[in-house]
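A.B. asks: Following this line is my_file17.txt, made up of compact mmCIF, C-alpha atoms:
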```txt
# COMPACT_ATOMS: atom_id res chain seq x y z
CA MET A 246 0.00 0.00 0.00
CA ARG A 247 2.69 2.41 1.00
CA ALA A 248 4.79 1.55 -2.02
CA TYR A 249 1.83 2.30 -4.22
CA ALA A 250 1.28 5.62 -2.52
CA VAL A 251 4.89 6.60 -3.04
CA THR A 252 4.68 5.59 -6.69
CA SER A 253 1.50 7.59 -7.14
CA LEU A 254 2.97 10.67 -5.57
CA LEU A 255 6.15 10.38 -7.57
CA PHE A 256 4.12 10.10 -10.75
CA LEU A 257 2.01 13.11 -9.90
CA SER A 258 5.06 15.03 -8.84
CA ALA A 259 6.81 14.20 -12.07
CA LEU A 260 3.70 15.27 -13.89
CA ALA A 261 3.63 18.53 -12.00
CA SER A 262 7.33 19.07 -12.58
CA SER A 263 6.65 19.26 -16.28
CA PHE A 264 5.12 22.66 -15.76
CA ALA A 265 7.28 23.72 -12.89
CA GLN A 266 9.83 25.26 -15.24
CA ASP A 267 7.29 27.67 -16.68
CA ARG A 268 4.48 28.68 -14.42
CA GLY A 269 2.54 30.62 -17.02
CA THR A 270 0.59 33.71 -16.11
CA PRO A 271 -2.11 33.22 -13.47
CA ILE A 272 -5.37 34.88 -14.38
CA GLU A 273 -6.65 37.18 -11.70
CA ASN A 274 -9.76 36.02 -9.85
CA ALA A 275 -10.00 32.86 -11.94
CA PHE A 276 -9.77 29.63 -10.05
CA VAL A 277 -10.90 26.15 -10.90
CA TRP A 278 -12.05 23.91 -8.11
CA GLY A 279 -12.11 20.17 -8.55
CA GLY A 280 -13.93 17.91 -6.18
CA LEU A 281 -13.93 14.15 -6.24
CA VAL A 282 -17.27 12.86 -5.06
CA GLN A 283 -18.25 9.36 -4.05
CA ALA A 284 -21.87 8.84 -5.03
CA THR A 285 -23.43 6.20 -2.85
CA ASN A 286 -26.68 4.87 -1.50
CA LYS A 287 -25.09 4.17 1.86
CA SER A 288 -25.52 6.53 4.76
CA LEU A 289 -22.76 9.07 5.23
CA THR A 290 -20.73 9.05 8.38
CA THR A 291 -19.38 12.56 7.84
CA THR A 292 -21.20 15.80 8.45
CA LEU A 293 -21.62 17.89 5.34
CA THR A 294 -20.75 21.57 5.26
CA GLU A 295 -23.21 24.02 3.76
CA LYS A 296 -21.29 24.02 0.49
CA GLU A 297 -21.26 20.26 0.43
CA LYS A 298 -25.00 20.17 1.10
CA THR A 299 -25.58 22.50 -1.83
CA LEU A 300 -23.37 20.39 -4.04
CA SER A 301 -25.12 17.21 -2.94
CA GLU A 302 -28.47 18.72 -3.83
CA GLN A 303 -27.21 19.65 -7.29
CA LEU A 304 -25.81 16.16 -7.81
CA ARG A 305 -29.07 14.63 -6.62
CA ASN A 306 -30.96 16.80 -9.12
CA ALA A 307 -28.65 15.65 -11.88
CA SER A 308 -30.28 12.22 -11.72
CA PHE A 309 -27.26 10.14 -10.87
CA ASN A 310 -29.60 7.82 -8.98
CA TYR A 311 -27.66 7.93 -5.75
CA LYS A 312 -28.93 9.14 -2.39
CA ASN A 313 -25.77 10.55 -0.95
CA PHE A 314 -22.68 12.31 -2.22
CA ASP A 315 -19.50 12.38 -0.22
CA LEU A 316 -16.80 14.87 -1.15
CA ILE A 317 -13.70 12.78 -0.57
CA SER A 318 -11.12 15.11 -2.06
CA GLU A 319 -10.76 18.57 -3.53
CA HIS A 320 -8.19 20.74 -5.17
CA THR A 321 -8.22 24.38 -6.22
CA GLN A 322 -5.88 25.96 -8.72
CA GLN A 323 -5.60 29.38 -10.24
CA VAL A 324 -6.06 29.20 -14.00
CA LEU A 325 -2.85 29.83 -15.92
CA ARG A 326 -3.14 31.78 -19.12
CA ASP A 327 -0.21 30.39 -21.05
CA PHE A 328 0.27 27.00 -19.54
CA ASP A 329 -1.70 23.99 -18.45
CA THR A 330 -3.38 23.90 -15.07
CA TRP A 331 -3.64 20.63 -13.20
CA LEU A 332 -6.45 19.73 -10.86
CA ILE A 333 -5.37 16.68 -8.91
CA PRO A 334 -7.84 15.71 -6.23
CA SER A 335 -6.87 12.09 -6.80
CA ASP A 336 -4.80 9.99 -9.11
CA GLU A 337 -7.94 8.04 -9.93
CA LEU A 338 -9.44 11.03 -11.73
CA TYR A 339 -7.66 14.30 -12.38
CA LEU A 340 -7.74 17.06 -14.94
CA LYS A 341 -5.36 18.87 -17.21
CA ILE A 342 -6.87 22.21 -18.14
CA ASP A 343 -5.81 24.58 -20.89
CA TYR A 344 -7.12 28.11 -20.94
CA ASN A 345 -8.69 28.84 -24.31
CA GLY A 346 -9.95 32.38 -23.82
CA GLU A 347 -12.67 34.23 -22.02
CA GLU A 348 -16.36 33.85 -22.68
CA LYS A 349 -19.23 35.94 -21.42
CA GLY A 350 -19.24 35.33 -17.69
CA GLY A 351 -16.86 32.44 -17.96
CA MET A 352 -13.96 30.75 -19.61
CA ASN A 353 -13.43 28.48 -22.55
CA LEU A 354 -11.34 25.59 -21.27
CA GLN A 355 -9.88 22.56 -22.96
CA MET A 356 -9.87 19.66 -20.54
CA GLN A 357 -8.27 16.26 -20.45
CA LEU A 358 -9.55 13.83 -17.89
CA TRP A 359 -6.87 11.46 -16.73
CA ARG A 360 -7.24 8.20 -14.89
CA LYS A 361 -3.95 7.00 -13.50
CA GLN A 362 -1.73 7.33 -16.54
CA ASP A 363 -4.40 7.28 -19.25
CA ILE A 364 -6.47 10.00 -20.85
CA VAL A 365 -10.08 8.90 -20.71
CA LEU A 366 -11.83 12.03 -21.95
CA LYS A 367 -11.11 15.13 -23.97
CA THR A 368 -13.58 17.95 -23.89
CA SER A 369 -14.00 21.62 -24.62
CA VAL A 370 -16.15 23.44 -22.10
CA ILE A 371 -17.37 26.92 -21.40
CA LEU A 372 -17.28 26.99 -17.64
CA ARG A 373 -19.19 29.68 -15.81
CA SER A 374 -19.51 30.56 -12.15
CA ASP A 375 -22.41 28.91 -10.35
CA SER A 376 -22.80 26.36 -13.12
CA PRO A 377 -20.50 23.42 -12.44
CA LEU A 378 -19.45 20.57 -14.66
CA PHE A 379 -20.13 17.03 -13.44
CA ILE A 380 -18.11 14.21 -14.95
CA ALA A 381 -19.50 10.82 -14.06
CA GLY A 382 -16.53 8.49 -13.83
CA PRO A 383 -16.08 4.83 -13.07
CA LYS A 384 -18.24 2.70 -10.83
CA TRP A 385 -16.68 1.89 -7.50
CA GLY A 386 -18.39 -1.26 -6.31
CA ASP A 387 -21.97 -0.15 -5.73
CA ASP A 388 -20.87 3.47 -5.75
CA GLN A 389 -19.58 5.80 -8.43
CA LEU A 390 -16.89 8.43 -8.66
CA ILE A 391 -17.94 11.84 -9.92
CA LEU A 392 -15.55 14.67 -10.62
CA VAL A 393 -17.01 18.13 -10.09
CA VAL A 394 -15.38 21.15 -11.68
CA GLU A 395 -16.34 24.69 -10.77
CA LEU A 396 -15.12 28.11 -11.79
CA ARG A 397 -14.56 30.33 -8.80
CA ASP A 398 -13.28 33.81 -8.28
CA ASP A 399 -11.29 32.96 -5.18
CA GLY A 400 -8.99 30.20 -4.14
CA GLU A 401 -10.87 29.26 -1.02
CA GLY A 402 -12.04 25.72 -0.84
CA MET B 181 -32.00 0.10 -94.70
CA ASN B 182 -32.11 -2.69 -97.24
CA HIS B 183 -34.31 -2.89 -100.27
CA ARG B 184 -36.86 -5.30 -98.77
CA GLN B 185 -37.45 -3.20 -95.68
CA SER B 186 -37.89 -0.15 -97.86
CA ASP B 187 -40.59 -1.92 -99.89
CA GLU B 188 -42.43 -3.07 -96.75
CA ILE B 189 -42.50 0.47 -95.45
CA ARG B 190 -43.82 1.77 -98.76
CA ILE B 191 -46.56 -0.92 -98.80
CA SER B 192 -47.50 -0.11 -95.20
CA ARG B 193 -47.76 3.60 -96.00
CA TRP B 194 -49.79 2.78 -99.12
CA ILE B 195 -52.26 0.64 -97.09
CA GLU B 196 -52.66 3.50 -94.59
CA GLY B 197 -53.33 5.87 -97.45
CA GLU B 198 -50.17 7.90 -97.18
CA LEU B 199 -48.99 6.81 -100.62
CA SER B 200 -51.00 6.55 -103.82
CA ASP B 201 -51.05 3.67 -106.28
CA SER B 202 -48.68 5.53 -108.57
CA ASP B 203 -46.16 5.84 -105.72
CA ILE B 204 -45.81 2.07 -105.51
CA GLN B 205 -46.54 1.30 -109.13
CA ASP B 206 -43.42 -0.80 -109.41
CA LEU B 207 -44.52 -2.97 -106.48
CA LEU B 208 -48.08 -3.33 -107.67
CA GLN B 209 -46.87 -4.54 -111.03
CA THR B 210 -44.76 -7.28 -109.48
CA ASP B 211 -47.36 -8.26 -106.86
CA PRO B 212 -50.99 -7.69 -107.88
CA GLU B 213 -52.22 -9.29 -104.63
CA LEU B 214 -51.25 -6.16 -102.76
CA HIS B 215 -54.69 -4.74 -103.52
CA GLU B 216 -56.31 -7.68 -101.73
CA LEU B 217 -53.94 -7.23 -98.81
CA ARG B 218 -54.92 -3.59 -98.51
CA GLU B 219 -58.63 -4.38 -98.65
CA SER B 220 -58.41 -7.05 -95.99
CA SER B 221 -56.29 -4.80 -93.74
CA LEU B 222 -58.80 -1.98 -94.01
CA GLN B 223 -61.67 -4.37 -93.26
CA ILE B 224 -59.95 -5.74 -90.18
CA GLY B 225 -59.27 -2.21 -89.00
CA ASN B 226 -62.90 -1.21 -89.49
CA LEU B 227 -64.15 -4.30 -87.68
CA LEU B 228 -61.90 -3.65 -84.72
CA ARG B 229 -63.00 -0.04 -84.45
CA GLN B 230 -66.66 -1.12 -84.57
CA GLU B 231 -66.52 -4.02 -82.14
CA VAL B 232 -64.07 -2.89 -79.54
CA PRO B 233 -65.51 -0.20 -77.29
CA LYS B 234 -63.57 2.97 -77.38
CA PRO B 235 -61.69 3.09 -74.09
CA GLU B 236 -61.06 6.20 -72.12
CA VAL B 237 -57.65 7.36 -73.05
CA PRO B 238 -55.40 6.63 -70.14
CA TYR B 239 -53.21 9.38 -68.77
CA ALA B 240 -49.88 9.23 -70.44
CA ASP B 241 -48.21 10.67 -67.43
CA PHE B 242 -50.17 10.38 -64.25
CA PHE B 243 -48.18 12.94 -62.26
CA ASN B 244 -48.13 15.50 -65.00
CA HIS B 245 -51.83 15.03 -65.41
CA GLN B 246 -52.41 15.52 -61.70
CA ILE B 247 -50.40 18.70 -61.75
CA LEU B 248 -52.33 19.95 -64.76
CA ARG B 249 -55.61 19.12 -63.09
CA ARG B 250 -54.63 21.01 -59.96
CA ILE B 251 -53.57 23.99 -62.00
CA GLU B 252 -56.89 23.85 -63.83
CA ARG B 253 -58.76 23.70 -60.54
CA GLU B 254 -57.05 26.79 -59.23
CA GLU B 255 -59.20 29.70 -60.00
CA PRO B 256 -57.71 33.14 -59.93
CA GLU B 257 -58.51 34.60 -56.53
CA PRO B 258 -60.37 37.80 -56.64
CA ALA B 259 -58.35 40.72 -55.43
CA THR B 260 -59.65 41.79 -52.04
CA PRO B 261 -58.66 44.75 -49.87
CA ARG B 262 -57.55 42.30 -47.16
CA ILE B 263 -54.73 40.81 -49.17
CA VAL B 264 -53.56 43.97 -50.81
CA ILE B 265 -52.99 45.88 -47.57
CA THR B 266 -49.39 47.04 -47.58
CA VAL B 267 -47.17 47.42 -44.55
CA PRO B 268 -47.22 51.23 -44.65
CA ARG B 269 -50.98 51.07 -44.73
CA LEU B 270 -51.02 48.71 -41.77
CA VAL B 271 -48.71 50.98 -39.80
CA ALA B 272 -50.83 53.94 -40.74
CA SER B 273 -53.92 52.19 -39.46
CA LEU B 274 -52.16 51.51 -36.14
CA PHE B 275 -51.27 55.15 -35.79
CA GLN B 276 -54.84 56.10 -36.48
CA ASN B 277 -55.84 53.92 -33.54
CA GLN B 278 -53.20 55.06 -31.06
CA GLY B 279 -54.68 53.06 -28.24
CA LEU B 280 -53.39 49.90 -29.86
CA ILE B 281 -49.74 50.93 -29.77
CA PRO B 282 -49.10 50.60 -26.02
CA ALA B 283 -51.05 47.36 -25.93
CA LEU B 284 -49.04 45.92 -28.79
CA ALA B 285 -45.82 47.09 -27.20
CA VAL B 286 -46.67 45.31 -23.95
CA VAL B 287 -47.55 42.15 -25.85
CA ALA B 288 -44.28 42.33 -27.81
CA ILE B 289 -42.22 42.80 -24.65
CA LEU B 290 -43.97 39.92 -22.93
CA PHE B 291 -43.45 37.77 -26.00
CA LEU B 292 -39.74 38.58 -26.08
CA ALA B 293 -39.37 38.01 -22.34
CA VAL B 294 -41.09 34.64 -22.43
CA GLY B 295 -39.16 33.66 -25.54
CA THR B 296 -35.91 34.65 -23.92
CA MET B 297 -36.72 32.61 -20.83
CA ILE B 298 -37.66 29.57 -22.86
CA PHE B 299 -35.06 29.71 -25.60
CA GLY B 300 -31.79 30.10 -23.80
CA GLY B 301 -32.08 33.24 -21.81
CA ASN B 302 -29.51 31.73 -19.44
CA GLU B 303 -27.18 30.86 -22.28
CA HIS B 304 -24.54 33.20 -20.95
CA THR B 305 -24.89 32.19 -17.33
CA ARG B 306 -24.54 28.46 -17.54
CA SER B 307 -21.69 26.15 -18.35
CA MET B 308 -21.68 24.48 -21.73
CA VAL B 309 -19.95 21.45 -23.19
CA LEU B 310 -18.87 22.40 -26.71
CA HIS B 311 -17.58 19.00 -27.70
CA THR B 312 -16.29 15.91 -26.03
CA PHE B 313 -14.98 12.48 -26.85
CA SER B 314 -13.09 9.60 -25.34
CA PRO B 315 -9.84 8.38 -26.90
CA ASP B 316 -10.82 4.93 -25.67
CA PRO B 317 -13.14 3.41 -28.31
CA GLY B 318 -14.66 1.23 -25.59
CA ASN B 319 -16.10 4.27 -23.86
CA THR B 320 -19.29 6.09 -24.75
CA VAL B 321 -19.53 9.73 -23.81
CA VAL B 322 -22.76 11.64 -23.40
CA ALA B 323 -22.87 15.35 -22.57
CA GLU B 324 -25.94 17.34 -21.66
CA TYR B 325 -27.03 20.33 -19.67
CA ASN B 326 -29.20 19.45 -16.72
CA ASN B 327 -31.55 22.32 -16.01
CA LYS B 328 -32.66 21.04 -12.64
CA ALA B 329 -29.10 20.71 -11.39
CA GLY B 330 -27.94 23.85 -13.18
CA ALA B 331 -24.90 21.93 -14.33
CA SER B 332 -23.38 20.39 -17.42
CA VAL B 333 -23.10 16.65 -17.07
CA ILE B 334 -20.69 14.39 -18.91
CA THR B 335 -21.26 10.67 -18.51
CA ILE B 336 -18.62 8.16 -19.54
CA ASP B 337 -19.97 4.69 -20.01
CA GLY B 338 -17.66 1.76 -20.43
CA MET B 339 -14.95 2.74 -17.97
CA LYS B 340 -13.41 -0.15 -16.12
CA PRO B 341 -15.04 -0.19 -12.70
CA LEU B 342 -13.16 -0.20 -9.45
CA GLU B 343 -13.56 -3.16 -7.18
CA ASN B 344 -15.60 -2.54 -4.10
CA ASP B 345 -12.56 -2.86 -1.85
CA ALA B 346 -10.23 -0.88 -4.10
CA SER B 347 -8.51 2.11 -2.58
CA VAL B 348 -8.81 5.54 -4.13
CA PHE B 349 -5.92 7.75 -3.17
CA THR B 350 -6.98 11.31 -2.72
CA PHE B 351 -5.07 14.50 -2.18
CA ASP B 352 -6.59 17.34 -0.25
CA HIS B 353 -4.17 20.07 -1.00
CA SER B 354 -4.07 22.55 1.81
CA SER B 355 -2.28 25.21 -0.15
CA GLN B 356 -2.13 26.27 -3.73
CA ASP B 357 0.58 25.18 -6.05
CA THR B 358 2.02 28.51 -7.05
CA GLY B 359 5.31 26.99 -8.03
CA ASP B 360 7.43 28.79 -5.48
CA MET B 361 6.38 27.20 -2.24
CA LEU B 362 8.66 24.93 -0.36
CA VAL B 363 6.23 22.57 1.17
CA SER B 364 2.76 21.56 0.22
CA PHE B 365 0.64 19.73 2.71
CA ALA B 366 -1.87 17.29 1.49
CA LYS B 367 -3.99 14.46 2.65
CA MET B 368 -3.82 11.16 0.95
CA HIS B 369 -6.93 9.12 1.36
CA ARG B 370 -7.74 11.28 4.35
CA GLN B 371 -4.35 10.60 5.92
CA PRO B 372 -2.09 13.65 6.06
CA VAL B 373 1.12 13.52 4.09
CA LYS B 374 3.74 16.08 3.29
CA MET B 375 4.86 16.77 -0.25
CA ALA B 376 8.08 18.71 -0.11
CA ARG B 377 9.91 20.50 -2.83
CA LEU B 378 13.05 22.58 -2.73
CA ASN B 379 13.36 25.83 -4.58
CA GLY B 380 15.65 25.50 -7.52
CA ASP B 381 15.30 21.77 -7.69
CA LEU B 382 11.58 21.51 -7.71
CA PHE B 383 10.39 17.99 -7.22
CA ALA B 384 13.94 16.73 -7.28
CA ASN B 385 13.66 16.10 -3.60
CA VAL B 386 10.08 15.05 -3.43
CA TYR B 387 9.40 12.68 -0.67
CA THR B 388 6.33 11.48 1.06
CA GLN B 389 5.87 10.42 4.57
CA PRO B 390 3.06 10.40 7.04
CA VAL B 391 3.13 13.64 8.98
CA LEU B 392 1.12 12.93 12.01
CA GLN B 393 1.55 16.33 13.53
CA VAL B 394 0.37 18.18 10.44
CA GLN B 395 -3.29 18.45 9.68
```
As a first step, turn the structure in this file into structure tokens.
C.D. replies:
Amino acid sequence: MRAYAVTSLLFLSALASSFAQDRGTPIENAFVWGGLVQATNKSLTTTLTEKEKTLSEQLRNASFNYKNFDLISEHTQQVLRDFDTWLIPSDELYLKIDYNGEEKGGMNLQMQLWRKQDIVLKTSVILRSDSPLFIAGPKWGDDQLILVVELRDDGEG
Amino acid sequence: MNHRQSDEIRISRWIEGELSDSDIQDLLQTDPELHELRESSLQIGNLLRQEVPKPEVPYADFFNHQILRRIEREEPEPATPRIVITVPRLVASLFQNQGLIPALAVVAILFLAVGTMIFGGNEHTRSMVLHTFSPDPGNTVVAEYNNKAGASVITIDGMKPLENDASVFTFDHSSQDTGDMLVSFAKMHRQPVKMARLNGDLFANVYTQPVLQVQ
């Protein structure tokens, strides 16, 4: 288990080091938040924050057919104008994001969804505040992993 | 055309009356029975015309005939004041009845408002998936906007599932990766770990270890 964790971190670190040489230009007040959610029909043992309750309600409305949604990991990054931005809440699902210009009230972003060391999805999205993107990922036993991406104007979780 | 065919054509035209006896004099001299042939042909023709009821001539081209019939049915519509009203005249009539203008304006505004609400009034406030695909041909990707959730939803079908007891390693980064920090604290699968980097040799000295005292 520990060996795997070390390997995972080394991989992610190596991945991150690829952009460490050139940080790009951070865009002011433009942050992407990535949350890895475990959708489940089991009861949750954790207490949800207000933000998590709101997110759970949105996910419930999105007809994923699960009762509960547990935010198991999150990561916030400021969007870089000239270089890729990585959202790595987990090595099971993480995102490479390329800024593709501004849109009315949002941003045009090219995204690559990675799973471990494979790209599983390529997409072009106009992401706007208060309108998240849900990416329904792999099943996890009876549960399912969902990656939530939001555009925020601050870096607070 | 050979000589025999030419003679047959001349005889046929002579029987039908297109040629006179003098026109085929040479043939009549060599074959006097041609007169009997013509008489019998004419008699057969007359008998057929008398005995067989004259059928209604079928339409040579059904569709063309239908089109012609429809054109024939269309009668020129009489010019009425209702259909010759021009736009300026209509506008003029509205101005004559000034009470209609505010009412029409309200109706137009309501129409635009309702139309805007129905047909994408929130187009510039919601996220939007422009295009998406999976490099893995075994996956099927569906993207849609879910109004109730107020979110764009991408569903990937066909991904290899995780076993129920599989571990998912997660990282809850406690600080932002701005590229110049020395230490980033994270949680891995809800257990705190420390990801360290040294300035100058970023990630060259990355190490991980449980940091029990750091939350």
A.B. asks: Write out as an mmCIF file with C-alpha atoms, in the frame of the given file each polymer residue whose atoms come within 9 Å of Ala381 of chain A, counting only C-alpha atoms; drop sequence neighbours fewer than 2 positions from it.
C.D. replies:
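Saved result, part_37.cif, follows:
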```cif
data_model
loop_
_atom_site.group_PDB
_atom_site.id
_atom_site.type_symbol
_atom_site.label_atom_id
_atom_site.label_comp_id
_atom_site.auth_asym_id
_atom_site.auth_seq_id
_atom_site.Cartn_x
_atom_site.Cartn_y
_atom_site.Cartn_z
ATOM 1 C CA PHE A 309 -27.260 10.140 -10.870
ATOM 2 C CA PHE A 379 -20.130 17.030 -13.440
ATOM 3 C CA PRO A 383 -16.080 4.830 -13.070
ATOM 4 C CA LYS A 384 -18.240 2.700 -10.830
ATOM 5 C CA GLN A 389 -19.580 5.800 -8.430
ATOM 6 C CA LEU A 390 -16.890 8.430 -8.660
ATOM 7 C CA ILE A 391 -17.940 11.840 -9.920
ATOM 8 C CA LEU A 392 -15.550 14.670 -10.620
ATOM 9 C CA VAL A 393 -17.010 18.130 -10.090
ATOM 10 C CA VAL B 333 -23.100 16.650 -17.070
ATOM 11 C CA ILE B 334 -20.690 14.390 -18.910
ATOM 12 C CA THR B 335 -21.260 10.670 -18.510
ATOM 13 C CA ILE B 336 -18.620 8.160 -19.540
ATOM 14 C CA ASP B 337 -19.970 4.690 -20.010
#
```
A.B. asks: Quick one: of A:Thr270, A:Asn353, A:Asn306, A:Ser288, who's nearest to chain B, counting all atoms listed in the file?
C.D. replies: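 Looking only at the distances to chain B, the closest residue turns out to be A:Asn306.
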A.B. asks: At a cut-off of 9 Å from (-27.0, 6.6, -4.9) in the coordinates of the file, what residues are picked up using all atoms listed in the file, written as number ranges by chain?
C.D. replies: A: 284-287, 305, 309-314, 387-389
A.B. asks: Could you tell me how far atom CA of Ser347 of chain B lies from atom CA of Gln283 of chain A, in Å and to one decimal?
C.D. replies: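 Between these atoms lies a distance of 12.2 Å.
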A.B. asks: From the set A:Asn345, A:Gln303, A:Gln357, A:Ser374, which residue has the shortest atom-to-atom contact distance to chain B, counting all atoms listed in the file?
C.D. replies: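 Closest to chain B, using all atoms listed in the file: A:Gln303.
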A.B. asks: I'd like the interatomic distance between atom CA of Glu337 of chain A and atom CA of Gln355 of chain A, to a tenth of an Å.
C.D. replies: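 Atom CA of Gln355 of chain A lies at a distance of 19.6 Å from atom CA of Glu337 of chain A.
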A.B. asks: Enter the distance from atom CA of Ile272 of chain A to atom CA of Leu340 of chain A, in Å, rounded to one decimal.
C.D. replies: 18.0 Å
A.B. asks: Which protein, DNA or RNA residues are at most 9 Å from (-6.5, 16.1, -10.0) in the file's coordinates when you count all atoms listed in the file, listed as a ChimeraX atom specification?
C.D. replies: /A:279-281,319-320,331-341,358-359 /B:350-351
A.B. asks: Mind checking which residues fall within 12 Å of Ala323 of chain B, counting only C-alpha atoms, ignoring those fewer than 5 positions away in the same chain, and posting them as a list in words?
C.D. replies: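 After dropping sequence-adjacent residues, the list is Leu366, Lys367, Thr368, Ser369, Val370, Leu378, Phe379, Ile380 and Ala381 of chain A; Ser307, Met308, Val309, Leu310, His311, Thr312, Phe313, Ser314, Ala331, Ser332, Val333, Ile334, Thr335, Ile336 and Asp337 of chain B.
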A.B. asks: Grab all the atoms of segment 379-388 of chain A that the file lists, wrap them in a box along x, y and z, add 5 Å per side, and give me centre plus edge lengths in Å (one decimal) as AutoDock Vina command-line options.
C.D. replies:
```
--center_x -19.0 --center_y 7.9 --center_z -10.3 --size_x 15.9 --size_y 28.3 --size_z 19.2
```
A.B. asks: Calculated over only C-alpha atoms, which of the candidates B:Leu208, B:Leu342, B:Ile195, B:Val321 has the smallest distance to Ser220 of chain B?
C.D. replies: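 Ranking B:Leu208, B:Leu342, B:Ile195, B:Val321 by distance to Ser220 of chain B, first place goes to B:Ile195.
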A.B. asks: Which residue is closest to Glu188 of chain B? Choose from B:Leu214, B:Val348, B:Thr320, B:Arg306 and count only C-alpha atoms.
C.D. replies: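 Between B:Leu214, B:Val348, B:Thr320, B:Arg306, the residue approaching Glu188 of chain B most closely is B:Leu214.
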